[in-house]
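Novice: This is the structure I have questions about; it appears just below.
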Amino acid sequence: MFNKVLIANRGEIAVRIIRACRELGLETVAVFSEADRNALHVRYADEAYLLGPAPSRESYLRADKILDIARKSGANAIHPGYGFLAEREDFASKCAELGITFIGPKPSSIAAMGDKAEARATVIKAGVPVVPGTEDVGNMTNDDLLRIAPSIGFPLLIKATAGGGGKGMREVRSLEEMPTLLASARREAESAFGDGNVYLEKLVEGARHIEFQIMADSFGNVIHLGERECSIQRRHQKLLEEAPSPFLDDELRQKMGDVAVRAAKSVDYVNAGTIEFLVDKDRNFFFLEMNTRLQVEHPVTEMVTGIDIVAEQLRVARGRQLSYTQEQVQFKGHAIECRVNAEDPFNNFVPSTGRITHSLIPTGPGVRVDTGVYPGFEITPFYDPMIAKLIVWGETRAQAILRMRRALEEYRIVGVRTNIPFHQTLMDSHRFMGGQFDTRFVEERFSMDDAIEPSEANSEIAAILATLVSHNETERSAQKVRRNERDASNWKWVGRWERMHR
Amino acid sequence: MFNKVLIANRGEIAVRIIRACRELGLETVAVFSEADRNALHVRYADEAYLLGPAPSRESYLRADKILDIARKSGANAIHPGYGFLAEREDFASKCAELGITFIGPKPSSIAAMGDKAEARATVIKAGVPVVPGTEDVGNMTNDDLLRIAPSIGFPLLIKATAGGGGKGMREVRSLEEMPTLLASARREAESAFGDGNVYLEKLVEGARHIEFQIMADSFGNVIHLGERECSIQRRHQKLLEEAPSPFLDDELRQKMGDVAVRAAKSVDYVNAGTIEFLVDKDRNFFFLEMNTRLQVEHPVTEMVTGIDIVAEQLRVARGRQLSYTQEQVQFKGHAIECRVNAEDPFNNFVPSTGRITHSLIPTGPGVRVDTGVYPGFEITPFYDPMIAKLIVWGETRAQAILRMRRALEEYRIVGVRTNIPFHQTLMDSHRFMGGQFDTRFVEERFSMDDAIEPSEANSEIAAILATLVSHNETERSAQKVRRNERDASNWKWVGRWERMHR
Amino acid sequence: MKYITTVNEKEYSIEVVDDHHVRIGDRLIHVNFEPVSGQPVFSLIMDGKSYESFVYAGEEDWQVLLRGRLFQVTVEDEREKRLRVAAGGGASEGGEYLMKAPMPGLVVAISVEEGQDVEKGQVLVILESMKMQNELKAPRAGKIGRIRVKAGESVEQKQTLLSIH
Amino acid sequence: MKYITTVNEKEYSIEVVDDHHVRIGDRLIHVNFEPVSGQPVFSLIMDGKSYESFVYAGEEDWQVLLRGRLFQVTVEDEREKRLRVAAGGGASEGGEYLMKAPMPGLVVAISVEEGQDVEKGQVLVILESMKMQNELKAPRAGKIGRIRVKAGESVEQKQTLLSIH
């Protein structure tokens, strides 16, 4: 049974995993790139080893170096977090070969679900409904795909076979634009996953993205911890998740939960995983993919179930049975997570980099913040722009929204621009409050300008604030000039000296 | 029904109350002293008004000014928090006269329980057991007290009639030392509460301090939210609280809970309050006093019940019924709160003041921090040294201790010394882990030195750290000297100029 | 000191009377204004109301982020205003436009060539930053001038990528 | 540079070899040492182990707060050590002791008079700070010299209150 865990990741998720390990008395080993010497996961871990230069390919994606460090440090388990090596079958296999526990599913499950095309084929056999699309396994050429596309019908999606998080995904409205989009999707997939393979899927319009959290142990017990509503997305990136979904009732929840468990069982799943579904307006649901790892948005499930998912991952990986039966999983209240990204919502969400000079984290009852950054830390362009997750719990969805509003208003991050104002605007949107949205909502029916018209009073206050700042700035620089005049007195004195001695 | 709440307090509790108001859609009015212009409660409130100079007597204790501000701002309710005006009958009465809702009990309940001697008499009538002591109501002279003392027996406690929080409390071992201790207790009580009256109580040795949270509405419904264990104290100041108490079983819990409800009913109690008990080794329990207000340590109860006590206070004050019946109150897991004080645990807990230059708050699952300070804020000598409360929740007491340990290790506050190392040492103490402690534990059987012997390895690391810091400091000042040499070149140049022109 | 302050084309006449008073139009208002922790975050208590806001200096204006809303604010003193009005007020629309990198990153592709005519909104450069590919588009129609970077090159924030005439 | 570093009366011979190496005794150790956010907080990665610590400059020593434990550490280079040993090493025990306010506060009472003999541990001054009354006690026996403050007076941190001969 392992007692020292290497965390093959960075940022908030590395911190999250270190915390869980520490609370279970397990030692922790961090790895870091040159850009992350002072990152929180390095500071919090018991041990820390340099991987290499900042780019992921030279650091967090270097499986060979990570395994070397595991050997050198005596780490007998590896938690991959999400992204990077989390869904790489070869990495999981290599761990097994070296006698290192991979905290996640078996390599065969990763392989079966990681190749999105194979995953579809597998779950279809288990009687799970899927979105219509290419049924063939990976390695399809552009010619193949262009030939098949019309039979699926437009609009459709190009998706990366190794994909996740919207990377390498493109929406196609017609055959004409497809070649260009194929090229850019492959390029992005290659860059993100080292694998440029793509496949096609029908685009279900007006759909919601709802996913089920799965936990499974090595004794064949598989349970689900309920669903998460993840339809608030932009460019296929999730921005906000909540549990439960305002769209499901108990009956549909149970039906989808059963299907999710069946899908996980179809690949002999062990450890934490997520079954993603699309749900259309008529409450038909389709298997989309399985994420064979811990999910960014796992905290909302933790908040409504009281179950520490990462601790449970560690227990299951140590060969224990699940701590809960399906009947023992109880849901209480409502949780919402806002992803705080270093990007400017007023300037087309362009990424923002720089040193964080100050931060004030919202706290108090029902508020949780998972983050890897702190004042003095530099946000570099090398990694994902998500710098924090703000999670709240309330007895009802309405209370959670009100709590999220006050928490967002309290949150200060200075030094980079963040999308906090986006979330504030979203919290004020009547459609969001009413639970009426699908995956296209943010891009098609939401704007930073339209939630609430800036009141006359607020614009007067903005005018006064800017005037006062500008006035004080002018005053200060005037004083500086005066100070410089005094500093110049040495030189005046030199001049006097010269005249005196002339 | 009120819609704008004035918070007649400062620090973390003012912030806590503002948050609850905001989450219920109520407007908030902050008041502040000159030392608190940039305090968090001022920044977070919708409105903020200056009270006066820093000393409490000229600001937060100025009931007249606070009522003026309520009138001026249109606040139709006042939440007093704890301390300051929270247990002043005259203030609550004045609010009632002015048609302002006092968010707390009726003035008569405050009066009945606020005078500790009267409180004892009242609950005795209701059949509640009390600690032996002076039965007479306040205003006793030193001569009276010295005469009565031997009949109570030594050791005994001098306690402030208006008291709370250990202020104006002195332990007396013999008649000889009593006059001096009476004088200092009266002086401290006068300074803290503006009331120098004291009374006597038998000192129950080896006792635990266990208190019950009460909630009552104006329809006569009174429930308790379980107990808090508050025996970890130093100089009668609570330092750590937990819920549930490791000392109670369900039977004793129910018995004490029933008595607590009876004590509250004996004064027609409304809103939140706390019944404090002493419990001796043989599980006999005695009523100590009732705190007729929100308690510092209310969050541990919130964590194990899921009930937002401040929100419930506001609801009840708005004339609503309690949201829960006694049967609906469910306890889940274990919560611990550490009070983080600006004081140096390695130097006799002397208060520490100064500007906070940096802070890093522990976050993640099951962790809550209630605080009113942030980087850039100045800790002044005018107010209570408590600057934050770190609260954790775990499924079991053991898990909560492990979580508290990791949270304490993560917490960084730079600029003032804090008692975080005290809590770290406490978490490592076997007696604390075993739940074996009474109210004298910290002072008599605990030392900052004895928990775990600093290992040889850690002392070597400390040696290396100090050497590196010292070395870098020397190097830096050497560089400064060299820079100054360059700066001095103007003057050298003047010298050369002089020689040239000689 | 008197200022003309403009928000969303609405002009406010604001006089900073002393450290604790401003006059807006003809209302004299008590203000208590403090920077927070030396950051571009400001706390303003005005007639008892408490506001907190980020105020960033833009190139020609101030950006005020207040309660989740962004206000673009220009502040001119009376002399500046007169000068600008006298100059005809027109910011140069015609001249050369320099496309600068909005963030540090890696140039993935340049979709145009020197001398090529482009339309407004046409993708010119693909810049990868934080694992996202960002398309930089022409802000107006014109002809591409000099291209100063190559695909595969790393660029700093605000580094000029190319020009449009 | 070579140092003699003392923790709890145990001496360590530590050489700072270069930016990334120290030699302690005869072990050469790889160190990666960084201040955090410009604060007196330091992150040290040493042979792969990650430590973080507050390091404060005391008057004569360093205070290292590591994992909840406080270490008093003196660091001397070889020359300083030789000088101290030559001087006989004794810190002056006999002279005047100046009692300074350990924190800002209000002098509530002074329990002694000038010229009075006091015992070690005797309460000399009561200082109120943060609503707590703090008793300042004599660190050793002696005679009270000049008393420089009065009851009711506010004092700054480190302000001298009285002296003991």
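Residue numbers start at 1 in each chain; chains themselves are named A, B, ... in the order of the structure tokens; ligands are numbered from 1 in the order shown.
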Please return, as a ChimeraX atom specification, all residues of chain C lying within 10 Å of chain B when only C-alpha atoms are considered.
Specialist: /C:32-39,42-52
Novice: Among the residues of range 253-318 of chain A, find those DSSP assigns to strand (DSSP E) from the backbone and print them as number ranges by chain.
Specialist: A: 271-279, 285-291
Novice: Excluding Ala63 in chain A and residues on its chain fewer than 6 positions from it, collect all residues at most 12 Å away from it, counting only C-alpha atoms, and give them as JSON, numbers by chain.
Specialist: {"A": [8, 9, 31, 51, 52, 56, 57, 69, 70, 78, 80, 84, 85, 86, 88, 89, 90, 91, 92, 93, 94, 95]}
Novice: Which neighbours of range 118-124 of chain C fall inside 6 Å, counting only C-alpha atoms, when residues of the same chain fewer than 5 positions from it are skipped, and could you give them as a PyMOL selection string?
Specialist: chain C and resi 110-112+136-143
Novice: Give me the residues near Thr292 in chain A as a ChimeraX atom specification, where near means some atom within 9 Å (using only C-alpha atoms) and where sequence neighbours in that chain fewer than 6 positions away do not count.
Specialist: /A:86-87,104-105,109-110,113-114,269,271-275
Novice: Could you pull out the residues in range 144-181 of chain B that DSSP calls helix (DSSP H, G or I) from the backbone, as number ranges by chain?
Specialist: B: 144-152, 178-181
Novice: Select all residues from chain A having any atom no more than 8 Å from an atom of chain B (counting only C-alpha atoms, ignoring ligands), output as an MDAnalysis selection string.
Specialist: chainID A and resid 16 19 22:24 44 299 308 358 360 363:365 367:370 374:375 399 402:403 406 410 494 498 501:502
Novice: Extract, using only C-alpha atoms, all DNA, RNA and protein residues at most 12 Å from Leu225 in chain A, discarding same-chain residues fewer than 6 positions from it, and format them as number ranges by chain.
Specialist: A: 211-216, 243-244, 253-254, 256-258, 260-261, 272-275, 298-309, 312, 324-332
Novice: Compile the contact shell of Ala101 in chain D as a tab-separated table (two decimals) with C-alpha atoms, in the first residue's frame: residues with an atom at most 9 Å away, counting only C-alpha atoms, same-chain residues fewer than 2 positions apart removed.
Specialist:
```tsv
chain	number	residue	atom	x	y	z
D	99	MET	CA	12.07	48.13	30.54
D	103	MET	CA	3.52	46.86	22.37
D	104	PRO	CA	1.78	50.20	22.03
D	105	GLY	CA	-0.81	50.79	24.69
D	127	LEU	CA	-0.20	48.16	30.26
D	136	LEU	CA	5.04	43.76	32.93
D	155	VAL	CA	3.08	54.74	24.94
D	156	GLU	CA	4.56	53.55	21.67
D	157	GLN	CA	6.05	50.14	21.14
D	158	LYS	CA	9.63	49.92	22.47
D	159	GLN	CA	9.27	53.18	24.38
D	160	THR	CA	11.31	53.01	27.59
D	161	LEU	CA	9.09	52.88	30.67
```
